[in-house]
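As provided, input.csv (CSV, C-alpha atoms) reads as follows.
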```
chain,number,residue,atom,x,y,z
K,1,MET,CA,-0.4,26.1,4.7
K,2,GLN,CA,-2.8,27.1,2.0
K,3,VAL,CA,-5.3,24.8,0.5
K,4,ASN,CA,-4.7,24.9,-3.3
K,5,LEU,CA,-7.2,24.9,-6.1
K,6,ALA,CA,-6.4,21.2,-7.1
K,7,PHE,CA,-7.4,20.2,-3.6
K,8,LYS,CA,-10.7,22.0,-3.9
K,9,SER,CA,-11.3,20.6,-7.4
K,10,SER,CA,-10.9,17.0,-6.2
K,11,LEU,CA,-13.5,17.6,-3.5
K,12,ALA,CA,-16.0,18.5,-6.2
K,13,ILE,CA,-16.5,14.9,-7.0
K,14,ILE,CA,-17.9,14.2,-3.6
K,15,THR,CA,-21.6,14.8,-3.8
K,16,ASN,CA,-22.3,14.2,-0.1
K,17,TRP,CA,-19.9,16.1,2.1
K,18,THR,CA,-21.2,14.2,5.2
K,19,TYR,CA,-18.7,11.4,4.2
K,20,ILE,CA,-15.8,13.8,4.8
K,21,THR,CA,-16.8,15.9,7.9
K,22,GLY,CA,-19.7,14.1,9.4
K,23,LYS,CA,-21.6,17.5,8.9
K,24,LYS,CA,-24.4,18.5,6.6
K,25,LYS,CA,-23.4,20.4,3.6
K,26,LEU,CA,-24.3,24.1,4.2
K,27,SER,CA,-24.8,25.0,0.6
K,28,SER,CA,-25.5,23.2,-2.7
K,29,SER,CA,-23.6,25.9,-4.6
K,30,SER,CA,-20.9,24.8,-7.0
K,31,ASN,CA,-18.7,27.4,-5.4
K,32,TYR,CA,-16.3,25.5,-3.1
K,33,GLY,CA,-16.2,28.3,-0.6
K,34,ARG,CA,-15.3,27.9,3.1
K,35,LYS,CA,-19.0,28.0,4.1
K,36,CYS,CA,-19.4,24.7,2.2
K,37,VAL,CA,-16.3,22.9,3.3
K,38,ASP,CA,-14.4,22.7,6.6
K,39,PHE,CA,-11.0,23.3,5.1
K,40,PRO,CA,-9.3,24.1,8.4
K,41,ALA,CA,-10.1,20.6,9.6
K,42,ILE,CA,-8.5,19.1,6.5
K,43,GLN,CA,-5.5,21.3,7.0
K,44,ARG,CA,-5.0,20.2,10.5
K,45,SER,CA,-4.9,16.5,9.4
K,46,LEU,CA,-2.4,17.3,6.7
K,47,GLN,CA,0.0,18.8,9.3
K,48,THR,CA,0.5,15.5,11.1
K,49,TRP,CA,3.0,14.0,8.7
K,50,GLY,CA,4.2,17.3,7.3
K,51,PRO,CA,3.1,18.7,4.0
K,52,LYS,CA,5.9,17.4,1.8
K,53,GLN,CA,7.2,14.1,3.2
K,54,VAL,CA,6.0,10.7,1.8
K,55,LYS,CA,7.0,7.2,2.7
K,56,VAL,CA,7.0,4.7,-0.2
K,57,VAL,CA,6.7,1.1,0.8
K,58,GLU,CA,8.1,-1.1,-2.0
K,59,VAL,CA,6.1,-4.3,-2.2
K,60,GLY,CA,7.5,-5.7,-5.5
K,61,PRO,CA,9.6,-8.5,-4.1
K,62,ARG,CA,6.5,-9.9,-2.3
K,63,ASP,CA,3.2,-8.7,-3.7
K,64,GLY,CA,4.8,-8.0,-7.1
K,65,LEU,CA,6.3,-11.5,-7.6
K,66,GLN,CA,3.8,-13.7,-5.7
K,67,ASN,CA,1.4,-13.9,-8.7
K,68,GLU,CA,4.1,-14.8,-11.3
K,69,LYS,CA,3.4,-18.1,-13.0
K,70,GLN,CA,7.0,-18.9,-13.6
K,71,LEU,CA,9.1,-19.5,-10.5
K,72,VAL,CA,11.6,-16.7,-10.0
K,73,SER,CA,15.0,-17.9,-8.8
K,74,THR,CA,16.2,-17.0,-5.3
K,75,ASP,CA,19.2,-15.3,-6.9
K,76,ILE,CA,17.1,-12.9,-8.9
K,77,LYS,CA,14.9,-12.1,-5.8
K,78,VAL,CA,18.0,-11.4,-3.8
K,79,GLN,CA,19.4,-9.2,-6.5
K,80,LEU,CA,16.1,-7.3,-6.8
K,81,ILE,CA,15.9,-6.5,-3.1
K,82,ASN,CA,19.6,-5.5,-3.0
K,83,ARG,CA,19.2,-3.2,-6.0
K,84,LEU,CA,16.0,-1.7,-4.6
K,85,ALA,CA,17.9,-1.0,-1.3
K,86,LYS,CA,20.3,1.3,-3.2
K,87,THR,CA,17.6,3.5,-4.6
K,88,GLY,CA,16.9,5.5,-1.4
K,89,LEU,CA,13.9,3.4,-0.4
K,90,ARG,CA,13.4,3.1,3.3
K,91,ALA,CA,10.8,0.3,3.5
K,92,ILE,CA,10.8,-2.9,1.4
K,93,GLU,CA,8.4,-5.8,1.8
K,94,ALA,CA,10.8,-8.7,1.0
K,95,THR,CA,8.8,-11.9,1.1
K,96,SER,CA,6.1,-13.8,2.9
K,97,PHE,CA,6.0,-16.9,5.2
K,98,VAL,CA,3.0,-18.6,3.7
K,99,SER,CA,2.3,-22.1,2.8
K,100,PRO,CA,4.1,-23.0,-0.4
K,101,LYS,CA,1.1,-25.1,-1.4
K,102,TRP,CA,-0.9,-21.8,-1.8
K,103,VAL,CA,1.8,-19.4,-2.9
K,104,PRO,CA,4.7,-21.5,-4.3
K,105,GLN,CA,6.6,-18.4,-5.4
K,106,MET,CA,7.3,-17.5,-1.8
K,107,ALA,CA,8.6,-21.0,-0.8
K,108,ASP,CA,12.2,-19.7,-0.6
K,109,ALA,CA,11.5,-16.9,2.0
K,110,SER,CA,14.1,-18.1,4.5
K,111,GLN,CA,16.8,-18.4,1.9
K,112,VAL,CA,16.0,-14.9,0.4
K,113,LEU,CA,16.2,-13.3,3.9
K,114,SER,CA,19.5,-15.0,4.8
K,115,ARG,CA,21.2,-13.8,1.6
K,116,ILE,CA,20.1,-10.1,1.2
K,117,ILE,CA,22.4,-7.3,2.3
K,118,ASN,CA,20.6,-6.1,5.4
K,119,LEU,CA,21.1,-2.3,5.4
K,120,PRO,CA,20.5,-0.6,8.8
K,121,HIS,CA,18.5,2.3,7.4
K,122,ILE,CA,16.0,0.1,5.6
K,123,ARG,CA,13.1,-1.7,7.3
K,124,TYR,CA,12.6,-5.1,5.7
K,125,SER,CA,9.2,-6.6,6.4
K,126,VAL,CA,7.5,-9.9,5.6
K,127,LEU,CA,3.9,-11.1,5.5
K,128,THR,CA,3.0,-13.6,8.3
K,129,PRO,CA,-0.6,-14.8,8.2
K,130,ASN,CA,-0.1,-17.1,11.2
K,131,LEU,CA,2.0,-18.0,14.2
K,132,ARG,CA,4.2,-20.4,12.3
K,133,GLY,CA,5.0,-17.7,9.8
K,134,LEU,CA,5.8,-15.3,12.6
K,135,GLU,CA,8.2,-17.8,14.2
K,136,ASN,CA,10.0,-18.1,10.9
K,137,ALA,CA,10.2,-14.3,10.7
K,138,ILE,CA,11.6,-14.1,14.2
K,139,THR,CA,14.2,-16.7,13.4
K,140,ALA,CA,15.2,-14.6,10.3
K,141,GLY,CA,15.7,-11.5,12.5
K,142,ILE,CA,12.8,-9.6,11.0
K,143,LYS,CA,11.6,-6.5,12.9
K,144,GLU,CA,8.4,-5.8,11.1
K,145,VAL,CA,5.7,-8.2,9.9
K,146,ALA,CA,2.3,-7.7,8.2
K,147,ILE,CA,-1.1,-9.4,8.8
K,148,PHE,CA,-4.1,-9.1,6.5
K,149,GLY,CA,-7.8,-8.9,6.7
K,150,ALA,CA,-10.6,-8.0,4.3
K,151,ALA,CA,-13.4,-5.5,4.1
K,152,SER,CA,-15.6,-8.0,2.3
K,153,GLU,CA,-17.1,-11.0,4.1
K,154,THR,CA,-17.3,-13.1,1.0
K,155,PHE,CA,-13.7,-12.4,0.1
K,156,SER,CA,-12.6,-13.4,3.6
K,157,GLN,CA,-14.6,-16.6,3.5
K,158,LYS,CA,-13.2,-17.6,0.1
K,159,ASN,CA,-9.7,-16.6,0.9
K,160,ILE,CA,-9.2,-17.9,4.4
K,161,ASN,CA,-12.4,-19.7,5.1
K,162,CYS,CA,-13.6,-17.6,8.0
K,163,SER,CA,-15.5,-14.3,8.7
K,164,ILE,CA,-13.7,-11.0,9.0
K,165,ASP,CA,-14.1,-10.9,12.8
K,166,GLU,CA,-12.9,-14.5,13.1
K,167,SER,CA,-9.8,-13.7,11.0
K,168,LEU,CA,-9.0,-10.8,13.3
K,169,GLU,CA,-9.3,-13.0,16.4
K,170,ARG,CA,-6.8,-15.4,14.9
K,171,PHE,CA,-4.4,-12.6,14.3
K,172,ARG,CA,-4.5,-11.7,18.0
K,173,LEU,CA,-2.1,-14.6,18.7
K,174,VAL,CA,0.3,-13.2,16.1
K,175,MET,CA,0.0,-9.7,17.5
K,176,ASP,CA,0.6,-10.9,21.1
K,177,ARG,CA,3.7,-12.9,20.1
K,178,ALA,CA,5.1,-10.1,17.9
K,179,THR,CA,4.6,-7.5,20.7
K,180,GLY,CA,6.5,-9.7,23.1
K,181,GLU,CA,9.4,-9.7,20.6
K,182,ASN,CA,9.3,-5.9,20.0
K,183,ILE,CA,8.3,-6.6,16.4
K,184,LEU,CA,6.1,-4.0,14.6
K,185,VAL,CA,2.9,-5.2,13.0
K,186,ARG,CA,1.4,-3.7,9.9
K,187,GLY,CA,-2.2,-4.4,8.9
K,188,TYR,CA,-3.4,-4.9,5.4
K,189,ILE,CA,-7.1,-4.7,4.5
K,190,SER,CA,-8.1,-6.1,1.1
K,191,CYS,CA,-11.0,-5.1,-1.2
K,192,VAL,CA,-11.5,-1.6,0.4
K,193,LEU,CA,-13.2,-0.2,-2.7
K,194,GLY,CA,-14.6,-3.3,-4.4
K,195,CYS,CA,-14.8,-7.1,-4.2
K,196,PRO,CA,-14.7,-9.6,-7.0
K,197,TYR,CA,-17.7,-11.4,-5.4
K,198,GLU,CA,-19.7,-8.7,-3.8
K,199,GLY,CA,-19.1,-5.7,-6.0
K,200,PRO,CA,-18.8,-2.2,-4.3
K,201,VAL,CA,-17.8,-2.3,-0.6
K,202,ALA,CA,-19.3,0.1,1.9
K,203,PRO,CA,-16.9,2.6,3.5
K,204,GLU,CA,-18.3,1.7,6.9
K,205,ALA,CA,-17.2,-1.9,6.4
K,206,VAL,CA,-13.6,-0.8,5.7
K,207,ALA,CA,-13.7,1.4,8.8
K,208,HIS,CA,-14.9,-1.5,10.9
K,209,THR,CA,-11.9,-3.7,10.0
K,210,ALA,CA,-9.5,-0.8,10.2
K,211,GLU,CA,-10.6,0.2,13.7
K,212,LYS,CA,-10.3,-3.4,15.0
K,213,MET,CA,-6.8,-3.7,13.5
K,214,TYR,CA,-5.7,-0.4,15.0
K,215,LYS,CA,-7.0,-1.2,18.4
K,216,MET,CA,-5.4,-4.6,18.2
K,217,GLY,CA,-2.0,-2.8,17.9
K,218,CYS,CA,-1.2,-2.5,14.2
K,219,TYR,CA,1.0,0.6,13.9
K,220,GLU,CA,-0.1,1.2,10.4
K,221,ILE,CA,-3.1,0.2,8.3
K,222,SER,CA,-2.7,-0.3,4.6
K,223,LEU,CA,-5.9,0.1,2.7
K,224,GLY,CA,-5.8,-2.1,-0.4
K,225,ASP,CA,-7.8,-1.5,-3.6
K,226,THR,CA,-7.1,-5.2,-4.5
K,227,ILE,CA,-8.9,-5.3,-7.8
K,228,GLY,CA,-8.3,-1.7,-8.8
K,229,VAL,CA,-11.9,-0.6,-9.3
K,230,GLY,CA,-11.7,2.6,-7.2
K,231,THR,CA,-12.0,6.2,-8.4
K,232,PRO,CA,-11.2,9.4,-6.5
K,233,GLY,CA,-14.9,9.6,-5.6
K,234,SER,CA,-15.1,6.3,-3.9
K,235,MET,CA,-11.6,6.7,-2.5
K,236,ALA,CA,-12.5,10.0,-0.8
K,237,LYS,CA,-15.6,8.5,0.8
K,238,MET,CA,-13.7,5.5,2.1
K,239,ILE,CA,-10.8,7.4,3.5
K,240,ALA,CA,-13.2,9.8,5.2
K,241,ALA,CA,-15.0,6.9,6.9
K,242,VAL,CA,-11.7,5.3,8.0
K,243,ARG,CA,-10.1,8.3,9.4
K,244,ARG,CA,-13.0,8.9,11.8
K,245,VAL,CA,-11.8,5.8,13.7
K,246,VAL,CA,-8.1,5.6,12.8
K,247,PRO,CA,-5.7,8.7,12.8
K,248,VAL,CA,-4.8,9.6,9.2
K,249,ASP,CA,-1.1,9.4,10.0
K,250,LYS,CA,-1.6,5.7,10.7
K,251,LEU,CA,-3.0,5.0,7.3
K,252,ALA,CA,-1.4,3.8,4.1
K,253,LEU,CA,-2.8,3.2,0.6
K,254,HIS,CA,-2.2,0.2,-1.6
K,255,CYS,CA,-3.5,0.7,-5.1
K,256,HIS,CA,-3.7,-1.7,-8.1
K,257,ASP,CA,-4.0,-0.1,-11.5
K,258,THR,CA,-6.5,-2.3,-13.2
K,259,TYR,CA,-8.6,0.6,-14.5
K,260,GLY,CA,-5.8,3.1,-14.7
K,261,GLN,CA,-7.0,5.0,-11.6
K,262,ALA,CA,-4.1,4.3,-9.2
K,263,LEU,CA,-2.3,7.7,-9.5
K,264,ALA,CA,-5.6,9.6,-9.4
K,265,ASN,CA,-6.6,7.8,-6.3
K,266,ILE,CA,-3.2,8.4,-4.7
K,267,HIS,CA,-3.5,12.1,-5.5
K,268,CYS,CA,-6.9,12.2,-3.8
K,269,ALA,CA,-5.5,10.4,-0.8
K,270,LEU,CA,-2.6,12.8,-0.6
K,271,GLU,CA,-5.0,15.7,-0.4
K,272,LEU,CA,-6.9,14.0,2.4
K,273,GLY,CA,-3.8,13.6,4.5
K,274,VAL,CA,-2.4,10.1,3.7
K,275,ARG,CA,1.4,10.1,3.5
K,276,VAL,CA,2.3,6.4,3.1
K,277,PHE,CA,1.9,4.5,-0.2
K,278,ASP,CA,2.6,1.0,-1.3
K,279,SER,CA,3.9,0.4,-4.8
K,280,SER,CA,5.7,-2.2,-6.9
K,281,VAL,CA,8.7,-1.6,-9.1
K,282,SER,CA,7.8,-2.0,-12.8
K,283,GLY,CA,4.1,-2.3,-11.8
K,284,LEU,CA,4.6,-6.0,-10.9
K,285,GLY,CA,1.8,-7.8,-9.1
K,286,GLY,CA,-1.7,-9.0,-8.9
K,287,CYS,CA,-3.5,-11.1,-6.4
K,288,PRO,CA,-3.7,-14.9,-6.7
K,289,PHE,CA,-7.0,-14.9,-4.7
K,290,ALA,CA,-8.7,-12.0,-6.6
K,291,LYS,CA,-9.6,-12.8,-10.2
K,292,GLY,CA,-9.1,-9.9,-12.5
K,293,ALA,CA,-6.6,-8.0,-10.3
K,294,THR,CA,-3.7,-6.6,-12.3
K,295,GLY,CA,-0.4,-5.1,-11.2
K,296,ASN,CA,0.2,-2.6,-8.4
K,297,VAL,CA,0.8,1.0,-9.2
K,298,ALA,CA,4.4,1.2,-10.5
K,299,THR,CA,6.9,2.7,-8.1
K,300,GLU,CA,8.5,4.6,-10.9
K,301,ASP,CA,5.2,6.3,-11.8
K,302,LEU,CA,4.5,7.1,-8.2
K,303,VAL,CA,7.9,8.6,-7.5
K,304,TYR,CA,7.8,10.6,-10.8
K,305,MET,CA,4.4,12.1,-9.7
K,306,LEU,CA,5.6,12.8,-6.2
K,307,ASP,CA,8.8,14.4,-7.5
K,308,GLY,CA,6.7,16.7,-9.7
K,309,MET,CA,4.6,17.7,-6.8
K,310,GLU,CA,7.7,18.4,-4.7
K,311,TYR,CA,7.1,15.7,-2.2
K,312,GLU,CA,10.2,14.3,-0.4
K,313,THR,CA,10.7,10.5,-0.7
K,314,GLY,CA,14.5,10.2,-0.7
K,315,ILE,CA,14.3,8.0,-3.8
K,316,ASN,CA,16.6,8.3,-6.8
K,317,LEU,CA,14.3,7.9,-9.8
K,318,LYS,CA,17.0,7.1,-12.2
K,319,GLU,CA,18.3,4.2,-10.1
K,320,LEU,CA,14.7,3.0,-9.6
K,321,VAL,CA,14.1,2.9,-13.3
K,322,SER,CA,17.2,0.8,-13.7
K,323,VAL,CA,15.9,-1.7,-11.2
K,324,GLY,CA,12.5,-1.9,-12.9
K,325,ASN,CA,14.2,-2.6,-16.2
K,326,PHE,CA,16.4,-5.3,-14.6
K,327,ILE,CA,13.5,-7.3,-13.2
K,328,SER,CA,11.4,-6.8,-16.3
K,329,GLU,CA,14.2,-8.2,-18.4
K,330,LYS,CA,14.6,-11.2,-16.0
K,331,LEU,CA,10.8,-11.9,-16.3
K,332,GLY,CA,10.9,-11.5,-20.1
K,333,ARG,CA,8.5,-8.6,-20.4
K,334,LYS,CA,8.3,-4.9,-21.0
K,335,ASN,CA,8.5,-2.6,-18.0
K,336,ALA,CA,4.9,-1.7,-17.2
K,337,SER,CA,5.8,1.7,-15.8
K,338,LYS,CA,5.0,4.5,-18.3
K,339,ALA,CA,7.5,6.8,-16.5
K,340,ALA,CA,10.2,4.2,-16.7
K,341,LEU,CA,9.6,3.7,-20.5
K,342,ALA,CA,9.9,7.4,-21.2
K,343,LEU,CA,12.8,8.0,-18.9
K,344,SER,CA,14.8,5.0,-20.1
K,345,SER,CA,15.2,6.5,-23.5
K,346,LYS,CA,16.2,9.9,-22.0
K,347,TYR,CA,18.8,8.3,-19.8
K,348,THR,CA,20.1,6.3,-22.7
K,349,ASP,CA,20.4,9.5,-24.9
K,350,LYS,CA,22.5,11.1,-22.2
K,351,ILE,CA,25.1,8.3,-22.0
```

What would the structure in this file look like if it were written as structure tokens?
Amino acid sequence: MQVNLAFKSSLAIITNWTYITGKKKLSSSSNYGRKCVDFPAIQRSLQTWGPKQVKVVEVGPRDGLQNEKQLVSTDIKVQLINRLAKTGLRAIEATSFVSPKWVPQMADASQVLSRIINLPHIRYSVLTPNLRGLENAITAGIKEVAIFGAASETFSQKNINCSIDESLERFRLVMDRATGENILVRGYISCVLGCPYEGPVAPEAVAHTAEKMYKMGCYEISLGDTIGVGTPGSMAKMIAAVRRVVPVDKLALHCHDTYGQALANIHCALELGVRVFDSSVSGLGGCPFAKGATGNVATEDLVYMLDGMEYETGINLKELVSVGNFISEKLGRKNASKAALALSSKYTDKI
């Protein structure tokens, strides 16, 4: 597999190559030749998942809706999930078992799960921050759950009132119980590129949390730019630090688009070997615990980009746009996906 010019260009933003390879840069030349960059090492990491296969994890029904001020009816949530299931998606985060006091939008989690059409080729997951939530997930027949930690100590203290390491110790109980039930556990890490309280977050702090989650037994670690402040430069340094302690094929990326950098960051992550990306239909989302965080990267925009780069997702973009327009209409707003807005008029013209 050849390393293309776009790949080389994206690496130009990294001023200290030590972040990527752990080696000293051999030359300060602007020529991105092989004597400056260990391209074979990057190529080997890309071959793990395969050069053209990407998994898209749709988080709209949970992360997308949890920050909505108006309560969304159970009927609409069920319709949303069932419609998404017909687009070719293989992974949908359906809801979360959290306290309705803190996230009232998710109070109907059990009802939603009991009413969706459970297709065998789709993995439906839920967020379970504690044992009680996990027990509810087990009762609902869920086979994958997610736990969450943070890369910022202040965010962890303000969000769940404990340190990062203390939060991870609490999750061991969830992990042990899930393992006993043959349930997969995915780990989320918040604030990997910036914190609303601390500002920039050190890549080593992200790596610390990621390594602990991986060794605890999480099959996949989703790295979340919760407030969307990352750029390809900070993204490359962070991923480089994390993949020293966690295999790159166990990593996922979760980008919010606050500063319009989500697709650029995903492109950077693709070239560094990441092949799993979280996104939200119609760009829904935000974080109730992170002031200033806006929506997730829109699934329609992500799939449009991946299609153009000839990556295989199995997703029908036209069907996806239809779902985004459906939920946008129900919420009384314009679809936040630029690709969806452009494609909607094209699809209409063809009818």

Can you write out as a Markdown table which residues of region 217-327 of chain K fall within 7 Å of region 191-204 of chain K, alongside each residue's closest atom pair and its distance in Å to one decimal, counting all atoms listed in the file and ordering rows by chain and ascending residue number?
```
| residue | atom | partner | partner_atom | distance |
| --- | --- | --- | --- | --- |
| K:Leu223 | CA | K:Val192 | CA | 6.3 |
| K:Gly224 | CA | K:Val192 | CA | 5.8 |
| K:Asp225 | CA | K:Cys191 | CA | 5.4 |
| K:Thr226 | CA | K:Cys191 | CA | 5.1 |
| K:Ile227 | CA | K:Cys191 | CA | 6.9 |
| K:Val229 | CA | K:Gly194 | CA | 6.2 |
| K:Gly230 | CA | K:Leu193 | CA | 5.5 |
| K:Ser234 | CA | K:Leu193 | CA | 6.9 |
| K:Lys237 | CA | K:Pro203 | CA | 6.6 |
| K:Met238 | CA | K:Pro203 | CA | 4.5 |
| K:Ala241 | CA | K:Pro203 | CA | 5.8 |
| K:Ala290 | CA | K:Pro196 | CA | 6.5 |
| K:Lys291 | CA | K:Pro196 | CA | 6.8 |
```

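Nearest to Ala205 (chain K) of all the residues K:Gly217, K:Pro104, K:Pro232, K:Gly149 is K:Gly149, counting all atoms listed in the file.
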
Restricting the calculation to only C-alpha atoms, which member of K:Arg62, K:Lys215, K:Arg83, K:Lys334 is positioned closest to Asn296 (chain K)?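 Going through K:Arg62, K:Lys215, K:Arg83, K:Lys334 one by one, the smallest distance to Asn296 (chain K) is for K:Arg62.
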
Quick one: of K:Ala339, K:Val276, K:Val206, K:Val281, who's nearest to Val245 (chain K), counting all atoms listed in the file?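 Residue with the minimum atom-to-atom distance to Val245 (chain K): K:Val206.
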
Point out the residue among K:Lys101, K:His267, K:Arg186, K:Lys338 with the least atom-to-atom distance to Leu251 (chain K), counting only C-alpha atoms.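 Looking at the shortest contact to Leu251 (chain K), the residue is K:Arg186.
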
May I have the residues within 12 Å of region 160-162 of chain K as a ChimeraX atom specification, using all atoms listed in the file and disregarding those fewer than 5 positions away in the same chain? /K:102,129-130,148-150,152-155,167-170,289

So, with only C-alpha atoms as the atoms that count, which of K:Gly285, K:Pro247, K:Pro100, K:Gly260 lies closest to Thr231 (chain K)?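 Between K:Gly285, K:Pro247, K:Pro100, K:Gly260, the residue approaching Thr231 (chain K) most closely is K:Gly260.
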
Near-Lys77 (chain K) list (9 Å; all atoms listed in the file; drop same-chain fewer than 5 positions) as number ranges by chain: K: 61, 65, 72, 82, 94, 112, 116, 327

Suppose we keep C-alpha atoms; can you now write the selection as a CSV table (one decimal), keeping the file's coordinate frame?
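Everything below was put into again_35.csv:
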```csv
chain,number,residue,atom,x,y,z
K,61,PRO,CA,9.6,-8.5,-4.1
K,65,LEU,CA,6.3,-11.5,-7.6
K,72,VAL,CA,11.6,-16.7,-10.0
K,82,ASN,CA,19.6,-5.5,-3.0
K,94,ALA,CA,10.8,-8.7,1.0
K,112,VAL,CA,16.0,-14.9,0.4
K,116,ILE,CA,20.1,-10.1,1.2
K,327,ILE,CA,13.5,-7.3,-13.2
```

Skip Ala178 (chain K) itself and residues of its chain fewer than 2 positions away, then list as a PyMOL selection string all residues within 9 Å of it, counting all atoms listed in the file. chain K and resi 134+138+143-145+173-176+180-185

Please tell me which residues are no farther than 9 Å from (7.5, -15.3, 5.4) in the file, counting only C-alpha atoms, and write them as a list in words.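 All residues meeting the 9 Å criterion around (7.5, -15.3, 5.4) are Ala94, Thr95, Ser96, Phe97, Val98, Ser99, Met106, Ala107, Asp108, Ala109, Ser110, Ser125, Val126, Leu127, Thr128, Pro129, Gly133, Leu134, Asn136, Ala137 and Val145 of chain K.
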
For Ala91 (chain K), which residue out of K:Asp249, K:Glu135, K:Asp75, K:Asp278 is the nearest one, using all atoms listed in the file?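 Answer, going by the shortest atom-to-atom distance: K:Asp278.
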
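From CA of Leu272 (chain K) back to CA of Glu310 (chain K), the distance works out to 16.8 Å.
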